[in-house]
>>> print(open('start-v6.tsv').read())   # TSV, C-alpha atoms
chain	number	residue	atom	x	y	z
A	1	MET	CA	195.12	93.84	50.89
A	2	ASN	CA	192.84	95.76	48.53
A	3	ASN	CA	190.11	94.31	46.36
A	4	GLU	CA	192.34	94.17	43.29
A	5	ASP	CA	194.92	92.04	45.10
A	6	LYS	CA	192.20	89.70	46.36
A	7	ARG	CA	190.83	89.32	42.87
A	8	LYS	CA	194.25	88.45	41.46
A	9	LYS	CA	194.89	85.95	44.26
A	10	ILE	CA	191.56	84.22	43.64
A	11	ILE	CA	192.27	84.11	39.91
A	12	SER	CA	195.71	82.59	40.58
A	13	LEU	CA	194.27	79.88	42.84
A	14	VAL	CA	191.50	79.06	40.38
A	15	LEU	CA	193.98	78.81	37.52
A	16	ARG	CA	196.24	76.50	39.55
A	17	PHE	CA	193.38	74.14	40.48
A	18	ALA	CA	192.07	74.23	36.93
A	19	ALA	CA	195.49	73.34	35.58
A	20	ILE	CA	195.89	70.42	37.94
A	21	ALA	CA	192.36	69.15	37.27
A	22	GLY	CA	192.84	69.50	33.52
A	23	GLY	CA	196.13	67.66	33.63
A	24	MET	CA	194.66	64.77	35.56
A	25	ALA	CA	191.64	64.68	33.24
A	26	LEU	CA	194.05	63.86	30.45
A	27	CYS	CA	194.54	60.46	32.12
A	28	VAL	CA	191.67	59.00	30.13
A	29	PRO	CA	192.88	59.72	26.56
A	30	VAL	CA	196.56	59.24	27.45
A	31	THR	CA	195.82	55.93	29.16
A	32	TRP	CA	193.92	54.72	26.12
A	33	TYR	CA	196.73	55.82	23.79
A	34	LEU	CA	199.53	54.22	25.78
A	35	ASN	CA	197.40	51.17	26.32
A	36	SER	CA	197.11	50.70	22.58
A	37	LEU	CA	200.87	51.17	22.14
A	38	LEU	CA	202.23	49.19	25.06
A	39	GLY	CA	199.50	46.81	26.04
A	40	ASN	CA	198.09	45.68	22.69
A	41	GLY	CA	194.62	46.47	23.83
A	42	GLU	CA	195.06	45.07	27.35
A	43	THR	CA	195.42	47.06	30.58
A	44	ASP	CA	198.84	46.15	32.00
A	45	ILE	CA	201.50	47.71	34.25
A	46	ALA	CA	203.40	49.40	31.41
A	47	SER	CA	200.43	51.24	30.02
A	48	MET	CA	199.24	52.41	33.43
A	49	SER	CA	202.74	53.58	34.48
A	50	GLY	CA	203.18	55.45	31.23
A	51	ALA	CA	199.81	57.09	31.64
A	52	VAL	CA	200.54	58.28	35.18
A	53	PHE	CA	203.98	59.52	34.12
A	54	CYS	CA	202.65	61.52	31.15
A	55	CYS	CA	199.66	62.94	33.02
A	56	CYS	CA	201.84	64.15	35.85
A	57	LEU	CA	204.16	65.86	33.40
A	58	VAL	CA	201.18	67.51	31.68
A	59	ALA	CA	199.74	68.70	34.97
A	60	LEU	CA	203.06	70.04	36.18
A	61	THR	CA	203.75	71.75	32.87
A	62	VAL	CA	200.42	73.54	32.97
A	63	LEU	CA	201.00	74.42	36.60
A	64	ALA	CA	204.42	75.84	35.68
A	65	VAL	CA	202.86	78.02	32.98
A	66	VAL	CA	200.28	79.30	35.43
A	67	SER	CA	202.95	80.03	37.97
A	68	GLY	CA	204.90	81.87	35.32
A	69	LEU	CA	201.87	83.99	34.51
A	70	ARG	CA	201.48	84.65	38.22
A	71	ALA	CA	205.09	85.76	38.34
A	72	MET	CA	204.44	88.14	35.46
A	73	MET	CA	201.80	89.73	37.64
A	74	GLY	CA	204.47	90.57	40.18
A	75	LYS	CA	203.95	87.73	42.59
A	76	PRO	CA	206.89	85.75	43.97
A	77	PHE	CA	207.20	82.27	42.51
A	78	ARG	CA	210.40	80.85	43.93
A	79	LEU	CA	208.60	78.45	46.27
A	80	THR	CA	206.23	77.39	43.49
A	81	VAL	CA	209.07	76.61	41.12
A	82	ALA	CA	210.83	74.55	43.80
A	83	VAL	CA	207.72	72.45	44.44
A	84	ILE	CA	207.18	71.94	40.73
A	85	GLY	CA	210.73	70.84	40.18
A	86	LEU	CA	210.70	68.39	43.09
A	87	THR	CA	207.39	66.85	42.02
A	88	ALA	CA	208.55	66.55	38.41
A	89	ALA	CA	211.72	64.79	39.51
A	90	VAL	CA	209.76	62.30	41.61
A	91	CYS	CA	207.34	61.58	38.74
A	92	ILE	CA	210.14	61.12	36.23
A	93	ALA	CA	212.01	58.80	38.58
A	94	ALA	CA	208.89	56.74	39.28
A	95	GLY	CA	208.12	56.46	35.58
A	96	VAL	CA	211.64	55.41	34.66
A	97	ILE	CA	211.85	52.84	37.46
A	98	SER	CA	208.48	51.34	36.56
A	99	PHE	CA	209.53	50.89	32.94
A	100	LYS	CA	212.95	49.45	33.84
A	101	THR	CA	211.60	46.94	36.34
A	102	MET	CA	209.03	45.61	33.93
A	103	PRO	CA	209.88	42.20	32.47
A	104	GLU	CA	210.53	42.32	28.79
A	105	THR	CA	207.72	40.93	26.77
A	106	GLY	CA	208.22	39.61	23.30
A	107	ASP	CA	205.62	38.88	20.81
A	108	SER	CA	202.65	37.11	22.25
A	109	PRO	CA	202.71	33.43	21.45
A	110	PRO	CA	200.33	32.59	18.70
A	111	VAL	CA	197.00	31.48	19.94
A	112	SER	CA	196.18	28.10	18.57
A	113	PRO	CA	192.79	28.10	16.94
A	114	ARG	CA	190.06	26.29	18.75
A	115	PRO	CA	189.68	22.89	17.21
A	116	THR	CA	186.54	22.48	15.23
A	117	VAL	CA	184.47	19.71	16.67
A	118	THR	CA	182.55	17.94	13.99
A	119	PRO	CA	179.43	16.35	15.45
A	120	PRO	CA	179.00	12.71	14.61
A	121	ALA	CA	176.85	12.09	11.66
A	122	ILE	CA	173.35	11.23	12.65
A	123	THR	CA	172.25	8.12	10.92
A	124	ILE	CA	168.61	7.30	10.75
A	125	GLU	CA	168.24	3.63	11.29
A	126	GLU	CA	165.74	1.89	9.17
A	127	VAL	CA	162.54	1.62	11.10
A	128	SER	CA	161.53	-1.95	11.38
A	129	GLU	CA	158.04	-2.90	10.39
A	130	ILE	CA	155.47	-2.99	13.14
A	131	GLU	CA	155.02	-6.54	14.30
A	132	ASN	CA	151.50	-7.77	13.90
A	133	PRO	CA	149.65	-8.39	17.18
A	134	GLU	CA	149.40	-11.89	18.57
A	135	SER	CA	146.31	-13.99	17.93
A	136	GLY	CA	143.74	-13.45	20.68
A	137	THR	CA	144.88	-9.86	21.42
A	138	VAL	CA	141.80	-7.97	22.66
A	139	PHE	CA	141.60	-4.31	21.64
A	140	TYR	CA	138.22	-3.52	23.19
A	141	LYS	CA	135.49	-5.13	25.27
A	142	LYS	CA	132.30	-3.38	26.27
A	143	TYR	CA	131.47	-5.59	29.24
A	144	TYR	CA	133.73	-6.56	32.09
A	145	ASP	CA	131.96	-9.90	32.59
A	146	ASN	CA	132.17	-12.09	29.45
A	147	PRO	CA	131.03	-15.58	30.54
A	148	ALA	CA	130.84	-17.19	27.09
A	149	PHE	CA	133.61	-18.45	24.83
A	150	LEU	CA	134.38	-17.78	21.17
A	151	THR	CA	136.88	-19.76	19.12
A	152	VAL	CA	137.75	-18.49	15.66
A	153	ASP	CA	139.76	-20.45	13.12
A	154	ASN	CA	141.33	-18.13	10.55
A	155	ALA	CA	142.05	-20.34	7.56
A	156	SER	CA	142.85	-17.42	5.25
A	157	SER	CA	146.30	-16.16	4.30
A	158	SER	CA	145.59	-12.72	5.79
A	159	ASP	CA	145.43	-11.50	9.37
A	160	MET	CA	142.05	-10.42	10.72
A	161	TYR	CA	140.89	-7.58	12.93
A	162	VAL	CA	137.50	-8.82	14.15
A	163	LYS	CA	134.57	-6.93	15.66
A	164	LEU	CA	131.51	-8.43	17.32
A	165	ARG	CA	128.45	-6.23	16.77
A	166	ASP	CA	125.04	-6.61	18.40
A	167	ARG	CA	121.68	-6.17	16.71
A	168	LYS	CA	121.65	-2.45	17.57
A	169	GLY	CA	124.95	-1.96	15.78
A	170	LYS	CA	126.98	-1.54	18.99
A	171	ILE	CA	130.47	-3.01	19.14
A	172	VAL	CA	130.95	-5.27	22.17
A	173	LEU	CA	134.31	-6.92	21.42
A	174	ILE	CA	137.35	-6.35	19.16
A	175	PHE	CA	140.19	-8.85	18.85
A	176	TYR	CA	142.96	-9.94	16.46
A	177	ILE	CA	143.80	-13.24	14.73
A	178	ARG	CA	146.86	-13.96	12.65
A	179	ALA	CA	146.71	-15.77	9.32
A	180	ASN	CA	146.31	-19.55	9.49
A	181	ASP	CA	145.88	-19.40	13.24
A	182	THR	CA	143.19	-19.93	15.87
A	183	ALA	CA	142.18	-17.60	18.69
A	184	SER	CA	139.93	-18.13	21.70
A	185	VAL	CA	138.43	-15.16	23.58
A	186	ASN	CA	135.76	-14.57	26.17
A	187	ALA	CA	132.51	-13.17	24.80
A	188	PRO	CA	129.42	-11.59	26.38
A	189	VAL	CA	126.03	-13.26	26.44
A	190	GLY	CA	123.87	-12.31	23.46
A	191	THR	CA	123.51	-12.57	19.69
A	192	TYR	CA	126.11	-10.93	17.47
A	193	GLU	CA	127.42	-10.72	13.95
A	194	TYR	CA	131.10	-10.48	13.24
A	195	ILE	CA	132.70	-8.06	10.82
A	196	CYS	CA	136.37	-8.25	9.85
A	197	ALA	CA	139.23	-6.25	8.36
A	198	PHE	CA	141.72	-8.40	6.40
A	199	GLY	CA	145.32	-7.61	5.51
A	200	LYS	CA	148.99	-8.52	5.71
A	201	GLU	CA	150.85	-5.75	7.53
A	202	TRP	CA	149.16	-4.26	10.56
A	203	GLN	CA	149.50	-0.49	11.08
A	204	ASP	CA	147.10	0.75	13.76
A	205	GLU	CA	143.43	0.95	14.71
A	206	GLU	CA	142.82	3.87	12.36
A	207	ASN	CA	144.62	2.63	9.26
A	208	TYR	CA	144.23	-1.12	9.89
A	209	PHE	CA	146.32	-2.84	7.19
A	210	GLY	CA	146.80	0.26	5.04
A	211	GLU	CA	145.46	0.77	1.54
A	212	ASN	CA	145.14	-2.97	0.89
A	213	THR	CA	142.72	-3.55	3.76
A	214	LYS	CA	139.61	-5.52	2.82
A	215	PHE	CA	136.41	-5.38	4.85
A	216	ARG	CA	133.93	-8.25	5.11
A	217	LYS	CA	131.12	-9.36	7.41
A	218	SER	CA	129.54	-12.69	8.19
A	219	LYS	CA	126.28	-14.00	6.79
A	220	GLU	CA	125.66	-15.91	9.99
A	221	ILE	CA	125.26	-14.79	13.58
A	222	CYS	CA	126.68	-16.11	16.82
A	223	SER	CA	124.50	-16.65	19.88
A	224	PHE	CA	126.05	-16.95	23.32
A	225	SER	CA	124.54	-18.10	26.58
A	226	TRP	CA	126.18	-18.35	29.95
A	227	GLY	CA	129.20	-20.66	29.67
A	228	SER	CA	128.47	-21.62	26.04
A	229	THR	CA	131.06	-21.89	23.28
A	230	CYS	CA	130.77	-20.78	19.67
A	231	GLU	CA	133.23	-21.97	17.08
A	232	ILE	CA	133.71	-20.13	13.80
A	233	SER	CA	135.87	-20.98	10.82
A	234	ILE	CA	136.70	-18.12	8.46
A	235	GLY	CA	138.47	-18.26	5.14
A	236	ARG	CA	137.72	-21.73	3.91
A	237	ASN	CA	134.76	-20.58	1.87
A	238	ALA	CA	134.62	-17.05	0.46
A	239	ALA	CA	130.87	-17.31	0.06
A	240	GLU	CA	130.41	-17.22	3.83
A	241	LEU	CA	131.49	-13.53	3.98
A	242	LEU	CA	130.12	-10.42	2.34
A	243	ASP	CA	132.24	-7.48	1.15
A	244	VAL	CA	131.43	-4.22	2.91
A	245	SER	CA	132.76	-0.67	2.72
A	246	ARG	CA	135.07	0.96	5.23
A	247	SER	CA	132.26	3.19	6.43
A	248	GLU	CA	130.10	0.13	7.07
A	249	PHE	CA	132.96	-1.45	9.03
A	250	GLU	CA	133.53	1.66	11.16
A	251	LYS	CA	129.94	2.64	11.95
>>> encode(input="start-v6.tsv", output="structure tokens")
Amino acid sequence: MNNEDKRKKIISLVLRFAAIAGGMALCVPVTWYLNSLLGNGETDIASMSGAVFCCCLVALTVLAVVSGLRAMMGKPFRLTVAVIGLTAAVCIAAGVISFKTMPETGDSPPVSPRPTVTPPAITIEEVSEIENPESGTVFYKKYYDNPAFLTVDNASSSDMYVKLRDRKGKIVLIFYIRANDTASVNAPVGTYEYICAFGKEWQDEENYFGENTKFRKSKEICSFSWGSTCEISIGRNAAELLDVSRSEFEK
């Protein structure tokens, strides 16, 4: 075999492999196309069978053309034609059987829309007013040991937030008394003045009774010794208290 014959043989083999590879490469676009026709966008048996069937036919057709060209070059092609024919028959039979054995599919049943879930309406309940503290509620005490006793009679129509303040201006006790009520608390030994915030609806220790809060302090002082009791009556006589500013109350 001379060099020219070798060259032609190599070319024939390359062309055959290229034809087969090219035919099989067509699987991708053919599969997509048949999938869109037969499977409505879903990969099912019909689309895959059709793709294999068509790709095999394409590959065998190209291979037949190459073999024909090889025959034109003077090479025998009887065996090649026989193989092509047998393979084509098998592919056609497989494709036909796969399509015939597939169950018939009608139109897809309509997909019921997902029910819209409406969240329950969020209702904001009316916030009840803050209940005023009980009489005798202690908010602050400077000393753990308070051996004296203080009884305060609130004869006014407003609740009171009361502070006991020593001569240096330091707060030693804070407690609460409701309107027309009496409270008894333990107090530390010493001499103190009392300063009060008056109002109707308690809010908190920063806002007291809101915008209508009134601030007053006593003209008198309370002196406590060990075990002693001091009784104070507030509200029966307005002259016994002095109006003060908020800043004076909070210092």
>>> residues_around(input="start-v6.tsv", residues="region 153-161 of chain A", least_positions_apart="3", cutoff="6 Å", atoms="all atoms listed in the file", output="list of chain:residue names")
A:Tyr176, A:Ile177, A:Arg178, A:Ala179, A:Asn180, A:Asp181, A:Thr182, A:Cys196, A:Ala197, A:Phe198, A:Gly199, A:Lys200, A:Ser233, A:Ile234, A:Gly235, A:Arg236
>>> closest_residue(input="start-v6.tsv", among="A:Tyr144, A:Glu131, A:Gly136, A:Cys222", to="Glu193 (chain A)", atoms="only C-alpha atoms")
A:Cys222
>>> closest_residue(input="start-v6.tsv", among="A:Lys163, A:Val185, A:Phe175, A:Gln203", to="Lys217 (chain A)", atoms="only C-alpha atoms")
A:Lys163
>>> atom_distance(input="start-v6.tsv", atom1="CA of Leu150 (chain A)", atom2="CA of Gly210 (chain A)")
27.2 Å
>>> atom_distance(input="start-v6.tsv", atom1="CA of Val189 (chain A)", atom2="CA of Asp145 (chain A)")
9.2 Å
>>> atom_distance(input="start-v6.tsv", atom1="CA of Glu206 (chain A)", atom2="CA of Leu242 (chain A)")
21.6 Å
>>> closest_residue(input="start-v6.tsv", among="A:Ala183, A:Cys230, A:Leu173, A:Val162", to="Phe215 (chain A)", atoms="only C-alpha atoms")
A:Val162
>>> closest_residue(input="start-v6.tsv", among="A:Ile232, A:Tyr208, A:Ile174, A:Lys219", to="Tyr143 (chain A)", atoms="all atoms listed in the file")
A:Ile174
>>> closest_residue(input="start-v6.tsv", among="A:Asn212, A:Lys251, A:Phe224, A:Ile11", to="Asn146 (chain A)", atoms="all atoms listed in the file")
A:Phe224
